[in-house]
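Q: I have a structure here, written as structure tokens, and I will follow up with some questions on it.
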Amino acid sequence: MPSVAYELSHIRTLEAEAVHIFREVAATFERPVLLFSGGKDSVVMLHVAAKAFWPAPLPFPVMHVDTGHNLPEVIEFRDRTVERLGVRLVVASVQDDIDAGRVAEETGPKASRNRLQTVTLLRGIVEQRFDAVFGGARRDEEKARAKERVFSFRDEFGQWDPKNQRPELWNLYNGAHRKGEHIRVFPLSNWTELDIWQYVLDEGIELPSLYYAHRREVFERDGMLLALSPFVTVLDGEEVYEATVRFRTIGDATCTGCVESLAADADAVVAEVAASRLTERGATRADDRISEAGMEDRKKEGYF
Amino acid sequence: MPELLRLATAGSVDDGKSTLIGRLLYDSKSIFADQLEAVERTSRERGDEYTNLALLTDGLRAEREQGITIDVAYR
């Protein structure tokens, strides 16, 4: 009789953990929502969520916090994906908050709407009375994210208190909260960038074309390659040139850089990421460079 | 994948438990270039005479201010 291996590969173990988290939340919360930006982590998160409830449809909507500064490929991809899966999309727009005077837009050539997203995100959560909010953050991204729980409690102002986090033993998750408070849930906490790409490859998941090598007009700023787009102003002394690049992360076009790469498919990206000596956020995110604890400070305010 | 290694440290306050873990991460080449650079920069700014590898595990503000590890995780 052939022996059957019951041991899961580490990717399948991570997937099983995420599936468990999705089902746990669906069973114990009233109004969950999944944050979907069209970035690779949220695409993988949505894919695992769909698998967790298959063949039933997803039992919660997805929300996109739209800075209005997205590259067009991302929005097109978002709409197509949402339609394919038949899920409800809620868009919380930063522009609405700017128009209503709730936030003031940064000025100057390096202005970014990154930080403003927090207000829009929290407004979206309050307006729709969401009590559990899935995010695609991973521990390997950043040192503050490394220490956040899978079930992360947020008070009535949406704030995270790193000094007062709940114990989280094994796979026992504590979702207790009062009205007005909510829990951020991170099913992909334990994945790494390489795991994400390996999973994309194994499952044949479609990602926005930006993640693969393409020709694009770019310019260098603070050691990062920024894409030329209507949302950024090229300063004096910054030279625009065409290069073969891909994005390692996708966010607001004003603070997300790309890297020079020839990796045109998931196979090549897996090989590239495995050999990389730089973290994805270190290589391509200006929003983490505000200060030494840039992410921690934003997370305390209620950021993703 | 290399086999998973589980490691526990025990010791008194300021004995160097975090520094040991940081050094193991460093020696096993588990640290990315930009991470190490950030730790080197922070060490210099804090006035440490050496690269403080404990900063690899102590990433939160409260941890760095007090020189303690509150949660064990790194990046």
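We name chains A, B, ... following the order of the structure tokens; residues begin at 1 in each chain, and ligands are numbered from 1 as shown.
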Got a sec: who's within 10 Å of Gly59 of chain B, counting only C-alpha atoms, leaving out chain neighbours fewer than 4 positions off, as a ChimeraX atom specification?
A: /A:142-147,292-293,296 /B:39,54-55,63-64,69-75
Q: If we count only C-alpha atoms, which residues of chain A reach to within 12 Å of chain B? Please list them as a ChimeraX atom specification.
A: /A:9-11,138-149,161-168,189-190,192,195,273-284,288-289,291-297,299-300
Q: One number please: atom CA of Ala227 of chain A to atom CA of Cys258 of chain A, in Å, one decimal.
A: 7.2 Å
Q: What does the structure give for the distance between atom CA of Gly257 of chain A and atom CA of Arg285 of chain A, in Å to one decimal?
A: 6.2 Å
Q: Would you mind reading off the distance between atom CA of Ala27 of chain A and atom CA of Phe151 of chain A, one decimal, in Å?
A: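 That distance, rounded to one decimal, is 14.3 Å.
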Q: Any idea what's packed within 8 Å of segment 46-56 of chain A, counting only C-alpha atoms, ignoring anything in its chain fewer than 3 positions away? Could you give it as a ChimeraX atom specification?
A: /A:15,18-20,22-23,34,36,42-43,59,205
Q: For the residues in that selection, give me N, CA and C atoms as a PDB file, in the first residue's frame.
A:
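This is the output file selection.pdb:
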```pdb
ATOM      1  N   GLU A  15      -1.393  28.676   4.238  1.00  0.00           N
ATOM      2  CA  GLU A  15      -2.721  28.815   3.652  1.00  0.00           C
ATOM      3  C   GLU A  15      -3.783  28.299   4.622  1.00  0.00           C
ATOM      4  N   ALA A  18      -4.426  30.768   7.337  1.00  0.00           N
ATOM      5  CA  ALA A  18      -5.220  31.906   6.881  1.00  0.00           C
ATOM      6  C   ALA A  18      -6.692  31.511   6.718  1.00  0.00           C
ATOM      7  N   VAL A  19      -6.927  30.325   6.174  1.00  0.00           N
ATOM      8  CA  VAL A  19      -8.309  29.842   6.001  1.00  0.00           C
ATOM      9  C   VAL A  19      -9.000  29.753   7.358  1.00  0.00           C
ATOM     10  N   HIS A  20      -8.283  29.234   8.345  1.00  0.00           N
ATOM     11  CA  HIS A  20      -8.831  29.124   9.701  1.00  0.00           C
ATOM     12  C   HIS A  20      -9.221  30.502  10.240  1.00  0.00           C
ATOM     13  N   PHE A  22      -9.960  33.249   8.522  1.00  0.00           N
ATOM     14  CA  PHE A  22     -11.138  33.768   7.814  1.00  0.00           C
ATOM     15  C   PHE A  22     -12.430  33.167   8.365  1.00  0.00           C
ATOM     16  N   ARG A  23     -12.414  31.852   8.575  1.00  0.00           N
ATOM     17  CA  ARG A  23     -13.634  31.189   9.047  1.00  0.00           C
ATOM     18  C   ARG A  23     -13.953  31.585  10.486  1.00  0.00           C
ATOM     19  N   LEU A  34     -13.055  43.147   3.991  1.00  0.00           N
ATOM     20  CA  LEU A  34     -11.683  42.845   3.591  1.00  0.00           C
ATOM     21  C   LEU A  34     -11.122  44.040   2.825  1.00  0.00           C
ATOM     22  N   PHE A  36      -9.088  45.770   0.198  1.00  0.00           N
ATOM     23  CA  PHE A  36      -8.569  45.327  -1.089  1.00  0.00           C
ATOM     24  C   PHE A  36      -8.053  46.507  -1.883  1.00  0.00           C
ATOM     25  N   SER A  42      -3.156  41.909  -0.929  1.00  0.00           N
ATOM     26  CA  SER A  42      -4.610  41.871  -0.831  1.00  0.00           C
ATOM     27  C   SER A  42      -5.210  40.939  -1.879  1.00  0.00           C
ATOM     28  N   VAL A  43      -4.544  40.776  -3.013  1.00  0.00           N
ATOM     29  CA  VAL A  43      -5.030  39.835  -4.035  1.00  0.00           C
ATOM     30  C   VAL A  43      -4.925  38.402  -3.506  1.00  0.00           C
ATOM     31  N   PRO A  59     -18.673  35.823   2.287  1.00  0.00           N
ATOM     32  CA  PRO A  59     -19.724  36.342   3.166  1.00  0.00           C
ATOM     33  C   PRO A  59     -19.488  37.773   3.656  1.00  0.00           C
ATOM     34  N   ILE A 205      -2.280  32.794  -9.667  1.00  0.00           N
ATOM     35  CA  ILE A 205      -3.095  33.979  -9.362  1.00  0.00           C
ATOM     36  C   ILE A 205      -2.698  35.133 -10.278  1.00  0.00           C
TER      37      ILE A 205
END
```
Q: Name the residues of segment 12-170 of chain A that come out as alpha helix (DSSP H) in a backbone DSSP run; write them as an MDAnalysis selection string.
A: chainID A and resid 12:28 40:53 72:85 94:99 117:127 143:146
Q: Env of Leu53 of chain B: 7 Å cut, atoms = only C-alpha atoms, seq-sep filter 4 positions within chain, self excluded. Answer as a ChimeraX atom specification.
A: /B:19,22-23
Q: Generate a file of the selected residues that holds N, CA and C atoms, formatted as an mmCIF file, in the first residue's frame.
A:
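Dumped to selection_27.cif:
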```cif
data_model
loop_
_atom_site.group_PDB
_atom_site.id
_atom_site.type_symbol
_atom_site.label_atom_id
_atom_site.label_comp_id
_atom_site.auth_asym_id
_atom_site.auth_seq_id
_atom_site.Cartn_x
_atom_site.Cartn_y
_atom_site.Cartn_z
ATOM 1 N N THR B 19 20.671 40.863 22.175
ATOM 2 C CA THR B 19 21.881 41.058 21.394
ATOM 3 C C THR B 19 22.357 39.721 20.830
ATOM 4 N N GLY B 22 20.113 38.860 17.984
ATOM 5 C CA GLY B 22 20.473 39.725 16.862
ATOM 6 C C GLY B 22 21.751 39.245 16.187
ATOM 7 N N ARG B 23 22.724 38.850 17.017
ATOM 8 C CA ARG B 23 23.997 38.378 16.470
ATOM 9 C C ARG B 23 23.808 37.071 15.691
#
```
Q: Check the DSSP output for the backbone and give back, as a PyMOL selection string, the residues of segment 57-145 of chain A in strand (DSSP E).
A: chain A and resi 62-66+89-93+132-134
Q: Keeping only C-alpha atoms, write those residues as a compact mmCIF listing (two decimals), in the first residue's frame.
A:
```txt
# COMPACT_ATOMS: atom_id res chain seq x y z
CA VAL A 62 -14.32 44.32 0.18
CA MET A 63 -13.28 47.93 0.75
CA HIS A 64 -10.77 49.99 -1.19
CA VAL A 65 -9.30 53.11 0.35
CA ASP A 66 -8.73 55.11 -2.81
CA LEU A 89 -16.98 46.69 -3.41
CA VAL A 90 -17.06 49.66 -1.05
CA VAL A 91 -14.82 52.55 -2.11
CA ALA A 92 -13.74 55.03 0.56
CA SER A 93 -12.24 57.97 -1.27
CA ALA A 132 -13.61 43.19 11.78
CA VAL A 133 -11.29 44.54 9.12
CA PHE A 134 -9.01 42.16 7.22
```
Q: From the list B:Gln66, B:Asn52, B:Leu4, B:Glu40, which residue is nearest Leu20 of chain B when using only C-alpha atoms?
A: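 Nearest candidate to Leu20 of chain B out of B:Gln66, B:Asn52, B:Leu4, B:Glu40: B:Asn52.
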Q: Might you pull out every residue within 12 Å of Ala111 of chain A, with only C-alpha atoms counted and same-chain residues fewer than 5 positions away left off, and present them as number ranges by chain?
A: A: 69, 104-106, 116, 231-234, 252-255, 286-287
